[in-house]
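Quick look at coords-v4.cif (mmCIF, C-alpha atoms and all ligand atoms):
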```cif
data_model
loop_
_atom_site.group_PDB
_atom_site.id
_atom_site.type_symbol
_atom_site.label_atom_id
_atom_site.label_comp_id
_atom_site.auth_asym_id
_atom_site.auth_seq_id
_atom_site.Cartn_x
_atom_site.Cartn_y
_atom_site.Cartn_z
ATOM 1 C CA MET G 1259 -12.057 -0.821 -22.929
ATOM 2 C CA LYS G 1260 -8.278 -1.088 -22.898
ATOM 3 C CA ASP G 1261 -5.969 -3.392 -24.801
ATOM 4 C CA ARG G 1262 -2.437 -4.017 -23.609
ATOM 5 C CA PRO G 1263 -0.971 -1.240 -21.444
ATOM 6 C CA LYS G 1264 0.759 1.310 -23.664
ATOM 7 C CA LYS G 1265 3.530 2.332 -21.327
ATOM 8 C CA PHE G 1266 5.785 0.663 -18.803
ATOM 9 C CA TYR G 1267 5.350 1.411 -15.076
ATOM 10 C CA LEU G 1268 8.185 2.030 -12.637
ATOM 11 C CA VAL G 1269 6.824 2.189 -9.100
ATOM 12 C CA ALA G 1270 8.958 3.189 -6.106
ATOM 13 C CA ASN G 1271 7.819 1.746 -2.788
ATOM 14 C CA TRP G 1272 9.804 3.597 -0.144
ATOM 15 C CA LYS G 1273 8.348 1.612 2.746
ATOM 16 C CA MET G 1274 9.237 3.220 6.124
ATOM 17 C CA ASN G 1275 12.009 5.377 4.712
ATOM 18 C CA LYS G 1276 12.447 9.107 4.057
ATOM 19 C CA THR G 1277 11.269 12.147 5.938
ATOM 20 C CA VAL G 1278 9.241 14.891 4.284
ATOM 21 C CA ARG G 1279 12.433 16.812 3.592
ATOM 22 C CA GLU G 1280 14.173 13.787 2.093
ATOM 23 C CA ALA G 1281 11.166 12.985 -0.077
ATOM 24 C CA ASN G 1282 11.062 16.560 -1.377
ATOM 25 C CA PHE G 1283 14.761 16.473 -2.146
ATOM 26 C CA PHE G 1284 14.393 13.164 -3.987
ATOM 27 C CA ILE G 1285 11.590 14.466 -6.185
ATOM 28 C CA GLU G 1286 13.470 17.686 -6.878
ATOM 29 C CA SER G 1287 16.474 15.714 -8.091
ATOM 30 C CA LEU G 1288 14.298 13.468 -10.233
ATOM 31 C CA ILE G 1289 12.456 16.173 -12.175
ATOM 32 C CA PRO G 1290 15.265 17.494 -14.417
ATOM 33 C CA GLU G 1291 16.258 13.935 -15.306
ATOM 34 C CA LEU G 1292 12.836 12.803 -16.404
ATOM 35 C CA GLY G 1293 13.071 14.326 -19.879
ATOM 36 C CA MET G 1294 11.015 12.535 -22.467
ATOM 37 C CA ASN G 1295 11.119 9.217 -20.699
ATOM 38 C CA GLY G 1296 8.587 6.725 -21.901
ATOM 39 C CA VAL G 1297 7.608 5.237 -18.556
ATOM 40 C CA HIS G 1298 4.984 5.959 -15.919
ATOM 41 C CA VAL G 1299 6.905 6.970 -12.782
ATOM 42 C CA TYR G 1300 4.946 6.290 -9.592
ATOM 43 C CA ILE G 1301 6.230 6.999 -6.080
ATOM 44 C CA ALA G 1302 4.753 5.765 -2.801
ATOM 45 C CA PRO G 1303 6.316 7.728 0.083
ATOM 46 C CA PRO G 1304 5.322 7.241 3.737
ATOM 47 C CA PHE G 1305 1.961 8.859 4.618
ATOM 48 C CA MET G 1306 3.650 11.911 6.168
ATOM 49 C CA ALA G 1307 5.319 12.852 2.903
ATOM 50 C CA ILE G 1308 2.425 12.313 0.490
ATOM 51 C CA ALA G 1309 0.974 15.835 0.510
ATOM 52 C CA SER G 1310 4.311 17.599 0.079
ATOM 53 C CA SER G 1311 5.468 15.103 -2.552
ATOM 54 C CA VAL G 1312 2.309 15.874 -4.517
ATOM 55 C CA GLN G 1313 3.193 19.576 -4.340
ATOM 56 C CA TYR G 1314 6.779 18.991 -5.412
ATOM 57 C CA ALA G 1315 5.679 16.731 -8.272
ATOM 58 C CA ARG G 1316 2.933 18.981 -9.612
ATOM 59 C CA ASP G 1317 3.223 19.894 -13.276
ATOM 60 C CA THR G 1318 5.396 16.816 -13.820
ATOM 61 C CA SER G 1319 4.488 13.323 -14.941
ATOM 62 C CA ILE G 1320 5.386 11.814 -11.545
ATOM 63 C CA VAL G 1321 2.401 10.183 -9.849
ATOM 64 C CA ILE G 1322 2.280 10.045 -6.052
ATOM 65 C CA GLY G 1323 0.427 7.413 -4.039
ATOM 66 C CA ALA G 1324 0.280 5.574 -0.721
ATOM 67 C CA GLN G 1325 1.618 2.297 0.601
ATOM 68 C CA ASN G 1326 -1.489 1.242 2.475
ATOM 69 C CA MET G 1327 -4.901 2.369 3.759
ATOM 70 C CA HIS G 1328 -7.801 1.092 5.854
ATOM 71 C CA ASP G 1329 -10.945 -0.342 4.327
ATOM 72 C CA ALA G 1330 -13.503 1.588 6.362
ATOM 73 C CA ARG G 1331 -14.780 4.945 5.157
ATOM 74 C CA ASP G 1332 -13.822 6.581 8.460
ATOM 75 C CA GLY G 1333 -14.325 5.978 12.174
ATOM 76 C CA ALA G 1334 -12.668 4.638 15.314
ATOM 77 C CA PHE G 1335 -9.562 3.021 13.857
ATOM 78 C CA THR G 1336 -6.684 4.525 15.811
ATOM 79 C CA GLY G 1337 -3.589 5.022 13.725
ATOM 80 C CA GLU G 1338 -5.236 4.244 10.412
ATOM 81 C CA ILE G 1339 -5.691 6.267 7.211
ATOM 82 C CA ALA G 1340 -8.792 6.315 5.015
ATOM 83 C CA ALA G 1341 -8.953 6.362 1.222
ATOM 84 C CA PHE G 1342 -10.653 9.760 0.995
ATOM 85 C CA MET G 1343 -7.891 11.280 3.145
ATOM 86 C CA LEU G 1344 -5.336 9.992 0.687
ATOM 87 C CA ARG G 1345 -7.328 11.442 -2.181
ATOM 88 C CA GLU G 1346 -7.508 14.806 -0.481
ATOM 89 C CA ALA G 1347 -3.741 14.802 0.038
ATOM 90 C CA GLY G 1348 -3.418 14.253 -3.713
ATOM 91 C CA ALA G 1349 -2.589 10.526 -3.815
ATOM 92 C CA ALA G 1350 -3.627 8.875 -7.064
ATOM 93 C CA PHE G 1351 -2.951 5.261 -6.171
ATOM 94 C CA VAL G 1352 -2.482 2.948 -3.221
ATOM 95 C CA ILE G 1353 -0.449 -0.238 -2.815
ATOM 96 C CA LEU G 1354 -2.578 -2.955 -1.209
ATOM 97 C CA GLY G 1355 -1.734 -6.385 0.113
ATOM 98 C CA HIS G 1356 2.012 -5.882 0.119
ATOM 99 C CA SER G 1357 3.647 -8.999 1.548
ATOM 100 C CA GLU G 1358 4.931 -7.011 4.534
ATOM 101 C CA ARG G 1359 1.325 -6.043 5.318
ATOM 102 C CA ARG G 1360 0.192 -9.634 4.875
ATOM 103 C CA HIS G 1361 2.950 -11.324 6.830
ATOM 104 C CA LEU G 1362 4.164 -8.783 9.414
ATOM 105 C CA PHE G 1363 0.772 -7.221 10.116
ATOM 106 C CA GLY G 1364 -1.479 -10.216 9.577
ATOM 107 C CA GLU G 1365 -3.606 -8.832 6.754
ATOM 108 C CA THR G 1366 -5.897 -11.486 5.330
ATOM 109 C CA ASN G 1367 -7.161 -11.953 1.784
ATOM 110 C CA ALA G 1368 -10.623 -10.881 2.954
ATOM 111 C CA PHE G 1369 -9.306 -7.646 4.500
ATOM 112 C CA ILE G 1370 -7.319 -6.864 1.370
ATOM 113 C CA HIS G 1371 -10.430 -7.485 -0.712
ATOM 114 C CA ARG G 1372 -12.366 -4.912 1.321
ATOM 115 C CA LYS G 1373 -9.534 -2.416 0.862
ATOM 116 C CA VAL G 1374 -9.556 -2.981 -2.899
ATOM 117 C CA VAL G 1375 -13.285 -2.293 -3.032
ATOM 118 C CA ARG G 1376 -12.905 0.885 -0.972
ATOM 119 C CA ALA G 1377 -9.929 2.172 -2.959
ATOM 120 C CA LEU G 1378 -11.739 1.741 -6.274
ATOM 121 C CA GLN G 1379 -14.892 3.305 -4.877
ATOM 122 C CA ASP G 1380 -12.887 6.334 -3.761
ATOM 123 C CA ASP G 1381 -11.237 6.556 -7.142
ATOM 124 C CA LEU G 1382 -7.729 5.476 -6.228
ATOM 125 C CA GLN G 1383 -5.827 3.188 -8.558
ATOM 126 C CA ALA G 1384 -5.126 -0.010 -6.637
ATOM 127 C CA ILE G 1385 -1.761 -1.746 -7.002
ATOM 128 C CA VAL G 1386 -2.556 -5.129 -5.535
ATOM 129 C CA CYS G 1387 0.409 -7.273 -4.491
ATOM 130 C CA VAL G 1388 0.356 -11.045 -4.573
ATOM 131 C CA GLY G 1389 3.022 -13.715 -4.253
ATOM 132 C CA GLU G 1390 4.005 -16.991 -2.712
ATOM 133 C CA LYS G 1391 6.376 -17.634 0.173
ATOM 134 C CA GLU G 1392 9.367 -19.911 -0.210
ATOM 135 C CA GLY G 1393 8.214 -23.504 -0.573
ATOM 136 C CA GLU G 1394 4.596 -22.639 -1.311
ATOM 137 C CA GLU G 1395 2.882 -23.689 -4.501
ATOM 138 C CA PRO G 1396 2.784 -20.377 -6.442
ATOM 139 C CA GLU G 1397 -0.247 -21.099 -8.604
ATOM 140 C CA GLU G 1398 -2.354 -22.156 -5.651
ATOM 141 C CA ILE G 1399 -1.447 -19.046 -3.642
ATOM 142 C CA LEU G 1400 -1.860 -16.685 -6.593
ATOM 143 C CA ARG G 1401 -5.270 -18.091 -7.440
ATOM 144 C CA GLU G 1402 -6.492 -17.673 -3.889
ATOM 145 C CA GLN G 1403 -5.042 -14.162 -3.449
ATOM 146 C CA ILE G 1404 -6.196 -12.845 -6.822
ATOM 147 C CA MET G 1405 -9.657 -14.403 -6.834
ATOM 148 C CA THR G 1406 -10.382 -13.114 -3.321
ATOM 149 C CA ALA G 1407 -8.932 -9.643 -3.879
ATOM 150 C CA PHE G 1408 -11.140 -8.959 -6.901
ATOM 151 C CA GLU G 1409 -14.225 -10.934 -5.998
ATOM 152 C CA LYS G 1410 -17.309 -9.241 -7.433
ATOM 153 C CA VAL G 1411 -15.316 -6.191 -8.521
ATOM 154 C CA PRO G 1412 -17.274 -4.871 -11.533
ATOM 155 C CA ALA G 1413 -15.484 -5.294 -14.864
ATOM 156 C CA GLU G 1414 -15.418 -1.507 -15.581
ATOM 157 C CA GLU G 1415 -13.445 -0.974 -12.373
ATOM 158 C CA SER G 1416 -10.616 -3.123 -13.704
ATOM 159 C CA GLU G 1417 -9.237 -0.043 -15.471
ATOM 160 C CA LYS G 1418 -8.085 1.239 -12.082
ATOM 161 C CA ILE G 1419 -6.318 -1.991 -11.133
ATOM 162 C CA LEU G 1420 -2.660 -2.907 -11.391
ATOM 163 C CA LEU G 1421 -1.387 -6.250 -10.163
ATOM 164 C CA ALA G 1422 2.097 -6.761 -8.717
ATOM 165 C CA TYR G 1423 3.579 -10.244 -8.609
ATOM 166 C CA GLU G 1424 6.119 -10.283 -5.783
ATOM 167 C CA PRO G 1425 7.391 -13.667 -4.650
ATOM 168 C CA VAL G 1426 7.951 -13.138 -0.921
ATOM 169 C CA TRP G 1427 11.308 -14.913 -1.002
ATOM 170 C CA ALA G 1428 12.605 -12.364 -3.533
ATOM 171 C CA ILE G 1429 11.712 -9.233 -1.549
ATOM 172 C CA GLY G 1430 14.766 -7.514 -0.117
ATOM 173 C CA THR G 1431 16.853 -10.662 -0.456
ATOM 174 C CA GLY G 1432 18.815 -10.071 -3.645
ATOM 175 C CA LYS G 1433 17.335 -13.302 -5.028
ATOM 176 C CA THR G 1434 15.128 -13.097 -8.113
ATOM 177 C CA PRO G 1435 13.418 -15.629 -10.320
ATOM 178 C CA THR G 1436 14.725 -15.724 -13.896
ATOM 179 C CA PRO G 1437 12.924 -13.496 -16.434
ATOM 180 C CA LYS G 1438 11.458 -16.677 -17.929
ATOM 181 C CA GLN G 1439 10.049 -17.793 -14.567
ATOM 182 C CA ILE G 1440 8.644 -14.300 -14.013
ATOM 183 C CA GLN G 1441 6.928 -14.422 -17.408
ATOM 184 C CA GLU G 1442 5.442 -17.804 -16.563
ATOM 185 C CA MET G 1443 3.894 -16.458 -13.362
ATOM 186 C CA HIS G 1444 2.706 -13.270 -15.062
ATOM 187 C CA GLY G 1445 1.108 -15.371 -17.775
ATOM 188 C CA PHE G 1446 -0.721 -17.311 -15.085
ATOM 189 C CA CYS G 1447 -1.842 -14.080 -13.359
ATOM 190 C CA ARG G 1448 -3.020 -12.762 -16.734
ATOM 191 C CA LYS G 1449 -5.133 -15.883 -17.204
ATOM 192 C CA LEU G 1450 -6.769 -15.363 -13.805
ATOM 193 C CA LEU G 1451 -7.442 -11.684 -14.541
ATOM 194 C CA GLN G 1452 -9.085 -12.700 -17.804
ATOM 195 C CA GLU G 1453 -11.216 -15.258 -15.975
ATOM 196 C CA LEU G 1454 -12.339 -12.466 -13.686
ATOM 197 C CA PHE G 1455 -12.763 -9.541 -16.040
ATOM 198 C CA GLY G 1456 -12.958 -11.042 -19.515
ATOM 199 C CA LYS G 1457 -10.292 -11.485 -22.158
ATOM 200 C CA LYS G 1458 -9.877 -7.910 -23.320
ATOM 201 C CA ARG G 1459 -10.054 -6.202 -19.942
ATOM 202 C CA GLY G 1460 -7.717 -8.824 -18.488
ATOM 203 C CA GLU G 1461 -5.228 -7.944 -21.243
ATOM 204 C CA GLY G 1462 -5.344 -4.300 -20.252
ATOM 205 C CA ILE G 1463 -4.456 -4.734 -16.577
ATOM 206 C CA PRO G 1464 -0.783 -3.910 -16.017
ATOM 207 C CA ILE G 1465 1.107 -6.692 -14.230
ATOM 208 C CA LEU G 1466 4.208 -5.484 -12.393
ATOM 209 C CA TYR G 1467 7.055 -7.573 -11.048
ATOM 210 C CA GLY G 1468 8.599 -6.813 -7.645
ATOM 211 C CA GLY G 1469 11.345 -8.399 -5.568
ATOM 212 C CA SER G 1470 15.023 -7.369 -5.606
ATOM 213 C CA VAL G 1471 14.758 -5.375 -8.813
ATOM 214 C CA ASN G 1472 17.910 -3.320 -9.407
ATOM 215 C CA VAL G 1473 19.720 -1.499 -12.209
ATOM 216 C CA ASN G 1474 21.350 -4.737 -13.309
ATOM 217 C CA ASN G 1475 18.262 -6.884 -13.756
ATOM 218 C CA ALA G 1476 15.518 -4.319 -14.529
ATOM 219 C CA VAL G 1477 15.945 -4.295 -18.291
ATOM 220 C CA ALA G 1478 16.017 -8.073 -18.742
ATOM 221 C CA ILE G 1479 12.863 -8.485 -16.637
ATOM 222 C CA SER G 1480 11.120 -5.625 -18.429
ATOM 223 C CA GLN G 1481 11.460 -7.332 -21.819
ATOM 224 C CA GLU G 1482 9.082 -10.178 -20.965
ATOM 225 C CA PRO G 1483 5.740 -9.867 -22.749
ATOM 226 C CA ASP G 1484 3.532 -9.899 -19.651
ATOM 227 C CA VAL G 1485 5.763 -7.665 -17.526
ATOM 228 C CA ASP G 1486 4.173 -4.218 -17.717
ATOM 229 C CA GLY G 1487 6.144 -2.616 -14.929
ATOM 230 C CA LEU G 1488 8.398 -3.008 -11.903
ATOM 231 C CA LEU G 1489 7.695 -2.384 -8.217
ATOM 232 C CA VAL G 1490 10.974 -1.389 -6.657
ATOM 233 C CA GLY G 1491 11.800 -1.206 -2.954
ATOM 234 C CA GLY G 1492 15.446 -0.926 -1.868
ATOM 235 C CA ALA G 1493 16.774 0.244 -5.250
ATOM 236 C CA SER G 1494 14.258 3.111 -5.374
ATOM 237 C CA LEU G 1495 15.656 4.885 -2.329
ATOM 238 C CA ASP G 1496 18.702 6.382 -3.975
ATOM 239 C CA PRO G 1497 17.692 9.067 -6.479
ATOM 240 C CA GLN G 1498 20.687 8.422 -8.726
ATOM 241 C CA LYS G 1499 19.986 4.692 -8.930
ATOM 242 C CA PHE G 1500 16.302 5.251 -9.517
ATOM 243 C CA ILE G 1501 17.001 7.782 -12.263
ATOM 244 C CA GLN G 1502 19.412 5.341 -13.858
ATOM 245 C CA MET G 1503 16.713 2.683 -13.765
ATOM 246 C CA ILE G 1504 14.153 5.003 -15.391
ATOM 247 C CA GLN G 1505 16.621 5.849 -18.138
ATOM 248 C CA LEU G 1506 17.670 2.259 -18.734
ATOM 249 C CA VAL G 1507 14.156 0.916 -18.827
ATOM 250 C CA SER G 1508 12.798 3.681 -21.035
ATOM 251 C CA LYS G 1509 15.735 3.409 -23.440
ATOM 252 C CA ASN G 1510 15.281 -0.319 -23.720
ATOM 253 C CA GLN G 1511 11.551 -0.275 -24.081
ATOM 254 C CA PRO G 1512 10.408 -3.566 -25.367
ATOM 255 C CA GLU G 1513 8.934 -3.564 -28.837
ATOM 256 C CA LYS G 1514 5.554 -4.133 -27.262
ATOM 257 C CA TYR G 1515 5.330 -0.385 -26.622
ATOM 258 C CA VAL G 1516 6.884 0.917 -29.814
HETATM 259 P P1 LIG D 1601 12.756 -4.830 -2.846
HETATM 260 O O1 LIG D 1601 11.239 -4.617 -2.390
HETATM 261 O O2 LIG D 1601 12.886 -4.195 -4.195
HETATM 262 O O3 LIG D 1601 13.578 -4.143 -1.788
HETATM 263 O O4 LIG D 1601 12.989 -6.312 -2.904
HETATM 264 C C1 LIG D 1601 10.199 -4.742 -3.308
HETATM 265 C C2 LIG D 1601 8.879 -4.581 -2.615
HETATM 266 O O5 LIG D 1601 8.777 -4.935 -1.427
HETATM 267 O O6 LIG D 1601 7.904 -4.090 -3.213
#
```
Output the file's structure in the form of structure tokens.
Ligand code: PGA
Amino acid sequence: MKDRPKKFYLVANWKMNKTVREANFFIESLIPELGMNGVHVYIAPPFMAIASSVQYARDTSIVIGAQNMHDARDGAFTGEIAAFMLREAGAAFVILGHSERRHLFGETNAFIHRKVVRALQDDLQAIVCVGEKEGEEPEEILREQIMTAFEKVPAEESEKILLAYEPVWAIGTGKTPTPKQIQEMHGFCRKLLQELFGKKRGEGIPILYGGSVNVNNAVAISQEPDVDGLLVGGASLDPQKFIQMIQLVSKNQPEKYV
């Protein structure tokens, strides 16, 4: 059973950006800069670039994953990708329930729940995104999204779960809550995870913040006690900026990891 996460996570969500060639180039430029950094670096390229990114990142600490998947094992689901296909391509994790999936593609809490179950079954780490829209009551939305996503998920499986709190109004907008507000919401998410999985296991689940993270605000957000990582969209597309963020965050590791 895990206690608090021991290392900070920096997750790049490239969304629908970068060709195979561009992804390879990005990873190549990242490798020499990684050094002895003290953070988990995760990258979620588009499906097309997963297999080659895994090749380019082999023998490094970079972890490659996917941005989405379907919940069925396989079958007649035109245009969809199954968990075992991701595994075979070398993906180690999958982002589920991203707000763009929920709000642009109509994914429901129940659908996301089925995806979580499938991902864990097929041995993918699941980064499950939750967050309120502007004007919504955050605690009400978070409770509903979190409780449904992990309903009846066995406690031992919680070791493969990461949660990402991403207020929808902060994604791609340049607006962010203050670090204090982020901590408040993470504390609330932590409480829910403990309700679900027990005190100790709930402590061990990394809770990431996402929504307009950039080189200027990453360090301040990362210092909060219940912020165990950052999920970065726009600012993860430029290798130089992403490298700078890795260096800044790992240099300013909060005492919680020392
Ligand atoms: P952003 O995206 O960093 O561009 O706001 C974050 C996300 O959607 O995960």
Using the chain letters and numbering of this document, enumerate as a short mmCIF file (atom, residue, chain, number, x, y, z; two decimals) with C-alpha atoms, in the coordinates of the input the residues selected by the PyMOL selection byres (((chain G and resi 1318) around 12) and not hetatm).
```cif
data_model
loop_
_atom_site.label_atom_id
_atom_site.label_comp_id
_atom_site.auth_asym_id
_atom_site.auth_seq_id
_atom_site.Cartn_x
_atom_site.Cartn_y
_atom_site.Cartn_z
CA ILE G 1285 11.59 14.47 -6.18
CA GLU G 1286 13.47 17.69 -6.88
CA LEU G 1288 14.30 13.47 -10.23
CA ILE G 1289 12.46 16.17 -12.18
CA PRO G 1290 15.26 17.49 -14.42
CA GLU G 1291 16.26 13.94 -15.31
CA LEU G 1292 12.84 12.80 -16.40
CA GLY G 1293 13.07 14.33 -19.88
CA MET G 1294 11.02 12.54 -22.47
CA ASN G 1295 11.12 9.22 -20.70
CA HIS G 1298 4.98 5.96 -15.92
CA VAL G 1299 6.90 6.97 -12.78
CA TYR G 1300 4.95 6.29 -9.59
CA SER G 1311 5.47 15.10 -2.55
CA VAL G 1312 2.31 15.87 -4.52
CA GLN G 1313 3.19 19.58 -4.34
CA TYR G 1314 6.78 18.99 -5.41
CA ALA G 1315 5.68 16.73 -8.27
CA ARG G 1316 2.93 18.98 -9.61
CA ASP G 1317 3.22 19.89 -13.28
CA SER G 1319 4.49 13.32 -14.94
CA ILE G 1320 5.39 11.81 -11.54
CA VAL G 1321 2.40 10.18 -9.85
CA ILE G 1322 2.28 10.04 -6.05
#
```
Hey, can you check how far CA of His1328 (chain G) sits from CA of Ala1340 (chain G)?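 So the answer is 5.4 Å.
As for CA of Met1306 (chain G) and CA of Pro1464 (chain G), they are spaced 27.6 Å apart.
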Around the point (-13.9, -8.9, -0.3) (coordinates from the file), which residues reach within 10 Å if we count all atoms listed in the file? Answer as an mmCIF file with C-alpha atoms, in the coordinates of the input.
```
data_model
loop_
_atom_site.group_PDB
_atom_site.id
_atom_site.type_symbol
_atom_site.label_atom_id
_atom_site.label_comp_id
_atom_site.auth_asym_id
_atom_site.auth_seq_id
_atom_site.Cartn_x
_atom_site.Cartn_y
_atom_site.Cartn_z
ATOM 1 C CA ASN G 1367 -7.161 -11.953 1.784
ATOM 2 C CA ALA G 1368 -10.623 -10.881 2.954
ATOM 3 C CA PHE G 1369 -9.306 -7.646 4.500
ATOM 4 C CA ILE G 1370 -7.319 -6.864 1.370
ATOM 5 C CA HIS G 1371 -10.430 -7.485 -0.712
ATOM 6 C CA ARG G 1372 -12.366 -4.912 1.321
ATOM 7 C CA LYS G 1373 -9.534 -2.416 0.862
ATOM 8 C CA VAL G 1374 -9.556 -2.981 -2.899
ATOM 9 C CA VAL G 1375 -13.285 -2.293 -3.032
ATOM 10 C CA ARG G 1376 -12.905 0.885 -0.972
ATOM 11 C CA MET G 1405 -9.657 -14.403 -6.834
ATOM 12 C CA THR G 1406 -10.382 -13.114 -3.321
ATOM 13 C CA ALA G 1407 -8.932 -9.643 -3.879
ATOM 14 C CA PHE G 1408 -11.140 -8.959 -6.901
ATOM 15 C CA GLU G 1409 -14.225 -10.934 -5.998
ATOM 16 C CA LYS G 1410 -17.309 -9.241 -7.433
ATOM 17 C CA VAL G 1411 -15.316 -6.191 -8.521
#
```
Name the residues captured by the PyMOL selection byres (((not hetatm)) within 8 of (chain D and resi 1601)) when it is applied to the shown file; answer as number ranges by chain. G: 1270-1271, 1273, 1356-1358, 1424, 1428-1432, 1468-1472, 1489-1494
Translate the PyMOL selection byres (((chain G and resi 1267) around 8) and not hetatm) into a concrete residue list for this structure, as a count of residues only. 12
So how many Å separate CA of Pro1437 (chain G) and CA of Gln1498 (chain G), to one decimal? 24.5 Å
Tell me, as a PDB file with C-alpha atoms, in the frame of the given file, which residues lie within 6 Å of Gln1383 (chain G), counting only C-alpha atoms; anything in the same chain fewer than 3 positions away does not count.
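Written file, part-v2.pdb:
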```
ATOM      1  CA  PHE G1351      -2.951   5.261  -6.171  1.00  0.00           C
ATOM      2  CA  LYS G1418      -8.085   1.239 -12.082  1.00  0.00           C
ATOM      3  CA  ILE G1419      -6.318  -1.991 -11.133  1.00  0.00           C
TER       4      ILE G1419
END
```
Between G:Val1473, G:Ile1465, G:Cys1447, G:Glu1390, which is the closest to Gln1505 (chain G) once you count all atoms listed in the file? G:Val1473
Since the input lacks some atoms of region 1299-1316 of chain G, please model N, CA and C atoms and print them as a compact mmCIF listing (two decimals), keeping the file's coordinate frame.
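The resulting file, rebuild35.txt, is shown below:
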```
# COMPACT_ATOMS: atom_id res chain seq x y z
N VAL G 1299 6.15 7.00 -14.04
CA VAL G 1299 6.90 6.97 -12.78
C VAL G 1299 5.94 7.21 -11.62
N TYR G 1300 5.82 6.22 -10.76
CA TYR G 1300 4.95 6.29 -9.59
C TYR G 1300 5.82 6.24 -8.34
N ILE G 1301 5.47 7.05 -7.34
CA ILE G 1301 6.23 7.00 -6.08
C ILE G 1301 5.26 6.88 -4.91
N ALA G 1302 5.55 5.93 -4.01
CA ALA G 1302 4.75 5.76 -2.80
C ALA G 1302 5.61 6.09 -1.58
N PRO G 1303 5.56 7.36 -1.12
CA PRO G 1303 6.32 7.73 0.08
C PRO G 1303 5.53 7.32 1.33
N PRO G 1304 6.11 7.45 2.52
CA PRO G 1304 5.32 7.24 3.74
C PRO G 1304 4.19 8.28 3.80
N PHE G 1305 3.13 7.96 4.54
CA PHE G 1305 1.96 8.86 4.62
C PHE G 1305 2.35 10.32 4.83
N MET G 1306 3.27 10.55 5.79
CA MET G 1306 3.65 11.91 6.17
C MET G 1306 4.09 12.75 4.98
N ALA G 1307 4.70 12.10 4.00
CA ALA G 1307 5.32 12.85 2.90
C ALA G 1307 4.45 12.89 1.65
N ILE G 1308 3.24 12.35 1.72
CA ILE G 1308 2.42 12.31 0.49
C ILE G 1308 2.06 13.72 0.02
N ALA G 1309 1.48 14.52 0.93
CA ALA G 1309 0.97 15.84 0.51
C ALA G 1309 2.10 16.70 -0.07
N SER G 1310 3.25 16.73 0.60
CA SER G 1310 4.31 17.60 0.08
C SER G 1310 4.90 17.02 -1.21
N SER G 1311 4.96 15.70 -1.30
CA SER G 1311 5.47 15.10 -2.55
C SER G 1311 4.56 15.48 -3.72
N VAL G 1312 3.26 15.49 -3.47
CA VAL G 1312 2.31 15.87 -4.52
C VAL G 1312 2.61 17.31 -4.96
N GLN G 1313 2.86 18.18 -4.00
CA GLN G 1313 3.19 19.58 -4.34
C GLN G 1313 4.47 19.65 -5.17
N TYR G 1314 5.50 18.94 -4.70
CA TYR G 1314 6.78 18.99 -5.41
C TYR G 1314 6.68 18.40 -6.82
N ALA G 1315 5.77 17.43 -6.98
CA ALA G 1315 5.68 16.73 -8.27
C ALA G 1315 4.64 17.35 -9.20
N ARG G 1316 4.00 18.44 -8.75
CA ARG G 1316 2.93 18.98 -9.61
C ARG G 1316 3.54 19.56 -10.89
```
